[in-house]
$ cat protein_16.txt   # compact mmCIF, C-alpha atoms
# COMPACT_ATOMS: atom_id res chain seq x y z
CA MET X 1 7.17 20.19 8.67
CA ARG X 2 6.99 22.48 5.64
CA ALA X 3 10.37 21.18 4.53
CA ILE X 4 9.06 17.61 4.68
CA THR X 5 6.09 18.58 2.55
CA VAL X 6 8.21 20.26 -0.12
CA LEU X 7 10.95 17.61 -0.28
CA SER X 8 8.76 14.55 -0.18
CA SER X 9 6.05 15.90 -2.44
CA THR X 10 8.64 16.85 -5.04
CA ALA X 11 10.22 13.42 -4.91
CA LEU X 12 6.87 11.65 -5.19
CA LEU X 13 5.65 13.94 -7.97
CA ALA X 14 8.85 13.32 -9.91
CA SER X 15 8.55 9.57 -9.53
CA VAL X 16 4.87 9.48 -10.49
CA THR X 17 5.47 11.75 -13.48
CA SER X 18 8.25 9.46 -14.61
CA ALA X 19 5.79 6.58 -14.62
CA PHE X 20 3.80 8.43 -17.27
CA ALA X 21 6.61 10.05 -19.19
CA GLY X 22 9.02 7.15 -19.21
CA ALA X 23 6.49 4.49 -20.18
CA PRO X 24 8.90 1.71 -19.19
CA SER X 25 8.88 -1.47 -21.17
CA PRO X 26 6.83 -4.35 -19.74
CA GLY X 27 8.09 -7.67 -18.55
CA PRO X 28 11.17 -7.82 -16.39
CA GLU X 29 10.80 -4.14 -15.44
CA ILE X 30 7.99 -5.11 -13.09
CA GLY X 31 8.16 -7.65 -10.35
CA GLY X 32 11.35 -9.10 -11.69
CA GLY X 33 14.66 -8.30 -13.39
CA TYR X 34 17.42 -6.15 -11.98
CA VAL X 35 15.16 -3.37 -10.69
CA GLY X 36 13.04 -5.74 -8.62
CA LEU X 37 16.15 -7.47 -7.36
CA ALA X 38 17.78 -4.13 -6.46
CA ILE X 39 14.68 -2.98 -4.54
CA LEU X 40 14.57 -6.29 -2.70
CA ALA X 41 18.29 -6.10 -1.87
CA LEU X 42 17.92 -2.49 -0.70
CA THR X 43 15.05 -3.43 1.59
CA VAL X 44 16.84 -6.44 3.05
CA GLY X 45 19.99 -4.33 3.54
CA ALA X 46 18.03 -1.57 5.28
CA TYR X 47 16.34 -4.18 7.48
CA LEU X 48 19.69 -5.65 8.55
CA VAL X 49 21.08 -2.19 9.36
CA VAL X 50 18.02 -1.22 11.43
CA ARG X 51 18.03 -4.57 13.25
CA ARG X 52 21.69 -4.11 14.12
CA LEU X 53 21.08 -0.54 15.32
CA ARG X 54 18.14 -1.65 17.45
CA ARG X 55 20.04 -4.45 19.12
CA ALA X 56 23.21 -2.44 19.65
CA MET T 1 10.80 1.91 -12.07
CA TRP T 2 14.24 3.08 -11.06
CA LEU T 3 12.92 6.63 -10.71
CA ILE T 4 9.92 5.49 -8.68
CA ALA T 5 12.21 3.57 -6.32
CA LEU T 6 14.60 6.52 -6.08
CA GLY T 7 11.72 8.93 -5.39
CA ALA T 8 10.47 6.66 -2.61
CA VAL T 9 13.91 6.42 -1.00
CA ILE T 10 14.35 10.21 -1.11
CA ALA T 11 10.86 10.82 0.30
CA ILE T 12 11.33 8.33 3.17
CA THR T 13 14.79 9.69 4.01
CA ALA T 14 13.53 13.28 3.94
CA GLU T 15 10.59 12.46 6.19
CA ALA T 16 12.80 10.62 8.67
CA PHE T 17 15.49 13.31 8.73
CA VAL T 18 13.27 16.39 8.88
CA SER T 19 10.92 14.94 11.50
CA TRP T 20 13.92 13.90 13.61
CA ARG T 21 15.41 17.41 13.32
CA ALA T 22 12.06 18.89 14.31
CA GLY T 23 12.08 16.80 17.49
CA ARG T 24 9.06 14.72 16.44
CA PRO T 25 10.59 11.62 14.85
CA ALA T 26 8.24 9.83 12.49
CA TYR T 27 10.24 6.62 12.72
CA THR T 28 11.20 4.33 15.59
CA LEU T 29 13.72 1.50 15.23
CA ARG T 30 11.23 -1.11 16.44
CA GLU T 31 8.51 -0.12 13.97
CA THR T 32 10.98 0.39 11.13
CA GLU T 33 12.51 -3.05 11.67
CA LEU T 34 9.11 -4.76 11.44
CA THR T 35 8.08 -2.68 8.41
CA LEU T 36 11.28 -3.52 6.53
CA ALA T 37 11.00 -7.22 7.38
CA LEU T 38 7.42 -7.35 6.10
CA ALA T 39 8.29 -5.28 3.03
CA ALA T 40 11.26 -7.52 2.20
CA GLY T 41 9.04 -10.60 2.33
CA ALA T 42 6.33 -8.91 0.25
CA PHE T 43 8.88 -7.75 -2.35
CA ALA T 44 10.39 -11.24 -2.51
CA LEU T 45 6.93 -12.68 -3.19
CA ALA T 46 6.20 -9.99 -5.78
CA TYR T 47 9.53 -10.77 -7.42
CA MET T 48 8.65 -14.43 -7.71
CA LEU T 49 4.99 -13.90 -8.63
CA PRO T 50 4.71 -11.43 -11.49
CA PRO T 51 1.76 -9.09 -10.97
CA ALA T 52 -1.10 -8.29 -13.32
CA ALA T 53 1.03 -5.89 -15.33
CA GLN T 54 2.96 -8.82 -16.72
CA TRP T 55 0.16 -11.17 -17.54
CA ALA T 56 -2.51 -8.65 -18.54
CA PRO T 57 -1.18 -8.35 -22.13
CA ARG T 58 -1.83 -12.07 -22.59
CA PHE T 59 -5.54 -11.36 -22.40
CA LEU T 60 -5.49 -8.64 -25.03
CA HIS T 61 -6.56 -10.98 -27.80
CA VAL T 62 -9.67 -12.21 -25.97
CA THR T 63 -11.30 -8.84 -25.30
CA PRO T 64 -13.57 -7.26 -27.91
CA ILE T 65 -13.23 -3.87 -26.24
CA ALA T 66 -10.83 -1.26 -27.61
CA MET T 67 -9.32 0.72 -24.77
CA PRO T 68 -7.93 4.22 -25.38
CA LYS T 69 -4.21 4.27 -26.10
CA GLY T 70 -1.60 6.35 -24.30
CA TRP T 71 -2.26 8.53 -21.28
CA GLN T 72 -6.04 8.54 -21.76
CA GLY T 73 -6.09 4.77 -21.29
CA ALA T 74 -3.76 5.05 -18.28
CA ALA T 75 -6.09 7.63 -16.73
CA LEU T 76 -9.12 5.38 -17.33
CA LEU T 77 -7.24 2.41 -15.85
CA THR T 78 -6.36 4.52 -12.81
CA ILE T 79 -10.04 5.28 -12.20
CA LEU T 80 -11.25 1.71 -12.83
CA GLY T 81 -8.35 0.22 -10.89
CA ASP T 82 -9.10 2.43 -7.92
CA PHE T 83 -12.74 1.36 -8.06
CA THR T 84 -11.76 -2.33 -7.85
CA LEU T 85 -9.21 -1.59 -5.12
CA TYR T 86 -11.91 0.17 -3.09
CA TRP T 87 -13.97 -3.03 -3.04
CA SER T 88 -11.01 -5.34 -2.44
CA HIS T 89 -9.86 -3.12 0.42
CA ARG T 90 -13.36 -2.96 1.90
CA ALA T 91 -13.61 -6.75 1.65
CA SER T 92 -10.22 -7.06 3.35
CA HIS T 93 -11.80 -5.48 6.42
CA ALA T 94 -15.13 -7.30 6.14
CA PHE T 95 -14.08 -10.92 5.62
CA ARG T 96 -11.90 -12.48 8.25
CA TRP T 97 -9.76 -14.59 5.92
CA GLN T 98 -8.95 -11.48 3.90
CA TRP T 99 -8.35 -9.46 7.05
CA ALA T 100 -5.88 -12.20 8.03
CA ALA T 101 -3.83 -11.14 5.01
CA HIS T 102 -4.39 -7.40 5.42
CA GLU T 103 -3.84 -7.12 9.19
CA ALA T 104 -0.08 -6.88 8.72
CA HIS T 105 -0.52 -3.54 6.95
CA HIS T 106 -2.48 -2.18 9.91
CA SER T 107 0.02 -3.45 12.47
CA SER T 108 2.05 -0.24 12.32
CA GLU T 109 1.66 2.06 15.31
CA ARG T 110 3.30 4.90 13.43
CA LEU T 111 1.99 6.25 10.15
CA ASN T 112 4.86 7.23 7.86
CA PHE T 113 5.81 6.84 4.18
CA LEU T 114 7.61 3.58 4.87
CA ALA T 115 4.49 2.12 6.54
CA SER T 116 2.82 2.08 3.10
CA LEU T 117 5.27 -0.70 2.20
CA ARG T 118 4.30 -2.75 5.25
CA GLN T 119 2.31 -5.37 3.38
CA GLY T 120 1.15 -8.85 4.27
CA TRP T 121 2.45 -11.99 2.64
CA THR T 122 -0.77 -13.89 2.04
CA ASP T 123 -2.77 -11.77 -0.41
CA LEU T 124 -2.58 -14.57 -2.96
CA PRO T 125 -4.24 -17.35 -0.90
CA ALA T 126 -6.67 -14.78 0.58
CA GLY T 127 -7.90 -13.99 -2.94
CA ILE T 128 -7.55 -10.22 -2.63
CA TRP T 129 -6.28 -10.13 -6.23
CA LEU T 130 -9.61 -11.55 -7.51
CA TYR T 131 -11.27 -8.13 -7.38
CA THR T 132 -8.78 -6.69 -9.86
CA LEU T 133 -8.95 -9.66 -12.21
CA PRO T 134 -11.73 -8.25 -14.46
CA LEU T 135 -9.45 -5.37 -15.40
CA ALA T 136 -6.97 -7.80 -16.91
CA VAL T 137 -9.34 -8.68 -19.73
CA LEU T 138 -10.18 -5.09 -20.68
CA GLY T 139 -7.13 -4.76 -22.87
CA PHE T 140 -4.99 -2.07 -21.29
CA ASP T 141 -1.41 -2.33 -22.44
CA ALA T 142 1.54 -3.00 -20.18
CA SER T 143 2.86 0.58 -20.16
CA GLN T 144 -0.57 1.77 -18.97
CA TRP T 145 -0.42 -0.76 -16.13
CA VAL T 146 3.03 0.52 -15.19
CA ALA T 147 1.74 4.10 -15.14
CA TYR T 148 -1.21 3.09 -13.00
CA TYR T 149 0.99 1.20 -10.55
CA GLY T 150 3.32 4.20 -10.34
CA ILE T 151 0.47 6.59 -9.57
CA ASN T 152 -1.13 4.19 -7.10
CA LEU T 153 2.10 3.42 -5.24
CA GLY T 154 3.17 7.07 -5.18
CA TRP T 155 -0.17 8.27 -3.84
CA GLN T 156 -0.37 5.44 -1.34
CA MET T 157 3.01 6.39 0.02
CA PHE T 158 2.07 10.06 0.27
CA VAL T 159 -1.14 9.50 2.25
CA HIS T 160 0.63 7.47 4.92
CA ASN T 161 1.81 10.20 7.26
CA GLU T 162 0.89 11.84 10.53
CA TRP T 163 1.98 15.38 9.71
CA ALA T 164 0.24 16.59 6.53
CA PRO T 165 -2.58 19.08 7.05
CA ARG T 166 -5.91 18.91 5.27
CA LEU T 167 -5.64 19.66 1.57
CA GLY T 168 -8.58 22.00 1.03
CA PRO T 169 -10.85 21.30 -1.99
CA LEU T 170 -8.78 18.22 -2.89
CA GLU T 171 -10.37 16.53 0.13
CA TRP T 172 -13.58 16.22 -1.89
CA ILE T 173 -12.03 14.18 -4.68
CA LEU T 174 -8.78 12.60 -3.57
CA VAL T 175 -7.81 10.41 -0.66
CA THR T 176 -5.65 12.60 1.54
CA PRO T 177 -3.37 11.92 4.53
CA SER T 178 -6.18 13.19 6.77
CA HIS T 179 -8.61 10.59 5.34
CA HIS T 180 -6.08 7.82 5.62
CA ARG T 181 -5.26 8.62 9.25
CA VAL T 182 -8.95 7.97 9.97
CA HIS T 183 -8.67 4.66 8.15
CA HIS T 184 -5.66 3.58 10.23
CA ALA T 185 -7.02 4.81 13.57
CA ARG T 186 -6.63 2.08 16.19
CA ALA T 187 -10.07 2.86 17.60
CA ALA T 188 -11.67 2.18 14.19
CA GLY T 189 -11.41 -1.59 14.62
CA PRO T 190 -13.51 -3.58 12.17
CA ASN T 191 -15.69 -0.52 11.47
CA ALA T 192 -13.02 1.25 9.48
CA HIS T 193 -13.77 4.00 6.97
CA ASN T 194 -12.11 5.53 3.91
CA PHE T 195 -11.14 2.42 1.95
CA ALA T 196 -10.30 4.13 -1.36
CA ASN T 197 -6.67 4.38 -2.47
CA ILE T 198 -6.71 7.46 -4.70
CA PHE T 199 -10.27 8.78 -5.16
CA ILE T 200 -12.24 9.38 -1.96
CA VAL T 201 -15.37 9.72 -4.11
CA TRP T 202 -15.89 5.94 -3.83
CA ASP T 203 -16.25 6.23 -0.05
CA ARG T 204 -18.54 9.22 -0.41
CA LEU T 205 -20.68 7.32 -2.95
CA PHE T 206 -20.90 4.06 -1.01
CA GLY T 207 -21.35 5.46 2.50
CA THR T 208 -18.01 4.59 4.06
CA PHE T 209 -16.56 8.09 4.27
CA GLN T 210 -15.58 9.66 7.57
CA ALA T 211 -13.79 12.96 7.98
CA GLU T 212 -11.05 13.49 10.54
CA GLY T 213 -12.18 15.48 13.55
CA GLU T 214 -10.73 18.78 14.69
CA LYS T 215 -8.11 16.82 16.59
CA ARG T 216 -5.82 14.79 14.37
CA VAL T 217 -5.89 11.00 14.73
CA ALA T 218 -2.70 10.09 16.58
CA VAL T 219 -3.12 6.48 17.73
CA PHE T 220 -2.68 3.80 15.08
CA GLY T 221 -2.53 0.02 14.92
CA VAL T 222 -4.98 -2.79 15.68
CA GLU T 223 -7.18 -2.67 18.78
CA ASN T 224 -6.34 -5.26 21.48
CA ARG T 225 -3.47 -6.66 19.43
CA THR T 226 0.28 -6.50 19.81
CA PHE T 227 2.59 -7.94 17.20
CA ASP T 228 5.36 -10.23 18.31
CA GLY T 229 7.66 -10.08 15.31
CA VAL T 230 7.32 -10.43 11.57
CA PHE T 231 5.82 -13.92 11.47
CA ASP T 232 3.16 -12.97 14.00
CA ALA T 233 2.25 -9.94 11.88
CA ALA T 234 2.16 -11.99 8.66
CA PHE T 235 0.48 -15.15 9.94
CA GLY T 236 -0.90 -14.42 13.43
CA GLU T 237 -4.51 -13.88 12.36
CA TRP T 238 -4.38 -16.96 10.12
CA ARG T 239 -3.23 -19.02 13.11
CA LYS T 240 -6.09 -17.71 15.25
CA LEU T 241 -8.60 -18.27 12.45
CA LEU T 242 -7.51 -21.84 11.74
CA THR T 243 -7.20 -22.70 15.45
CA GLY T 244 -10.75 -21.44 16.01
CA LEU T 245 -12.07 -23.48 13.10
CA TRP T 246 -10.29 -26.59 14.35
CA GLN T 247 -11.69 -26.14 17.86
CA ARG T 248 -15.23 -25.67 16.55
CA ALA T 249 -14.90 -28.75 14.35
CA ARG T 250 -13.72 -30.80 17.34
CA ALA T 251 -16.48 -29.45 19.58
CA SER T 252 -19.19 -30.32 17.08
CA ALA T 253 -17.76 -33.77 16.32

$ encode --input "protein_16.txt" --output "structure tokens"
Amino acid sequence: MRAITVLSSTALLASVTSAFAGAPSPGPEIGGGYVGLAILALTVGAYLVVRRLRRA
Amino acid sequence: MWLIALGAVIAITAEAFVSWRAGRPAYTLRETELTLALAAGAFALAYMLPPAAQWAPRFLHVTPIAMPKGWQGAALLTILGDFTLYWSHRASHAFRWQWAAHEAHHSSERLNFLASLRQGWTDLPAGIWLYTLPLAVLGFDASQWVAYYGINLGWQMFVHNEWAPRLGPLEWILVTPSHHRVHHARAAGPNAHNFANIFIVWDRLFGTFQAEGEKRVAVFGVENRTFDGVFDAAFGEWRKLLTGLWQRARASA
């Protein structure tokens, strides 16, 4: 459990810090554009994999 | 945004792998499948309907208020945004048509990082966004909105887990996994507590705070409700609500 805490907290801290430090440009960065599309594709892909695993 | 997404993927993978190795898996295929299906639908809607961060700058010219620039403004937006989210979240449990949209999030019987992405599809017609609308006219710039969303999403993901211990003095100020387990407890029903997203002070101020007991909350979900697939989770409460209204209208006619 300690390993989970360290790994996940580090990852989340890094991502939250990047939100401040990076100050991404507005517009297509949020809710649209390639990033949004990639996140959507990743989620759909993961869903299809899990569904296949579950029904196997 | 790339880094936020990457951080989330790493955190979820780490939680799944380490908990599986420890013999207490935080993820089941059934729950994960439903979470991913709901998340995919919610992301698709978010992709098509740009959130406040994109249209907030359009209101800049109508506000007479000068908001602080840079990180100070982002910090202020984080506090004000959390205040509005406290009330929208509390309303989502108090009003049935808003619960109809929010129920999907509570459908998970396991609390893990991924469950934070289990979101309903009907926030827009339920009007949950209305509570945040006043912030749009205050004049925060788009990069401050991005920072706020990053902090909010990151913290929301962190507090969705069954394994984190109490966090000492932080429990007085911040919403912690312990607080959020109480919020998601199946036994809580409509009398849920701990509605804040980041700052637990709102619950302490407005009388909705409840601490976790000595024994950790371990049973999650919605009382007397099972979810038969993604469409039932997303629309099931709407169907019951509208059917009930229709039956009452017919009975009184």

$ closest_residue --input "protein_16.txt" --among "T:Arg250, T:Arg216, T:Arg118, T:Arg96" --to "chain X" --atoms "all atoms listed in the file"
T:Arg118

$ residues_around --input "protein_16.txt" --residues "T:Glu103" --least-positions-apart "3" --cutoff "10 Å" --atoms "only C-alpha atoms" --output "compact mmCIF listing (two decimals) with C-alpha atoms, in the coordinates of the input"
# COMPACT_ATOMS: atom_id res chain seq x y z
CA SER T 92 -10.22 -7.06 3.35
CA HIS T 93 -11.80 -5.48 6.42
CA ARG T 96 -11.90 -12.48 8.25
CA GLN T 98 -8.95 -11.48 3.90
CA TRP T 99 -8.35 -9.46 7.05
CA ALA T 100 -5.88 -12.20 8.03
CA HIS T 106 -2.48 -2.18 9.91
CA SER T 107 0.02 -3.45 12.47
CA SER T 108 2.05 -0.24 12.32
CA GLN T 119 2.31 -5.37 3.38
CA GLY T 120 1.15 -8.85 4.27
CA GLY T 221 -2.53 0.02 14.92
CA VAL T 222 -4.98 -2.79 15.68
CA ALA T 233 2.25 -9.94 11.88
CA ALA T 234 2.16 -11.99 8.66
CA PHE T 235 0.48 -15.15 9.94
CA GLY T 236 -0.90 -14.42 13.43
CA GLU T 237 -4.51 -13.88 12.36
CA TRP T 238 -4.38 -16.96 10.12

$ residues_around --input "protein_16.txt" --residues "X:Arg51" --least-positions-apart "3" --cutoff "6 Å" --atoms "all atoms listed in the file" --output "list in words"
Leu48 and Arg54 of chain X; Glu33 of chain T

$ interface_residues --input "protein_16.txt" --of "chain T" --to "chain X" --cutoff "6 Å" --atoms "all atoms listed in the file" --output "list in words"
Leu3, Ile4, Gly7, Ala11, Glu15, Leu29, Glu33, Leu36, Ala40, Phe43, Ala46, Tyr47, Pro50, Gln54, Ala142, Ser143, Ala147, Gly150, Ile151 and Gly154 of chain T

$ atom_distance --input "protein_16.txt" --atom1 "atom CA of T:Gly81" --atom2 "atom CA of T:Tyr148"
8.0 Å
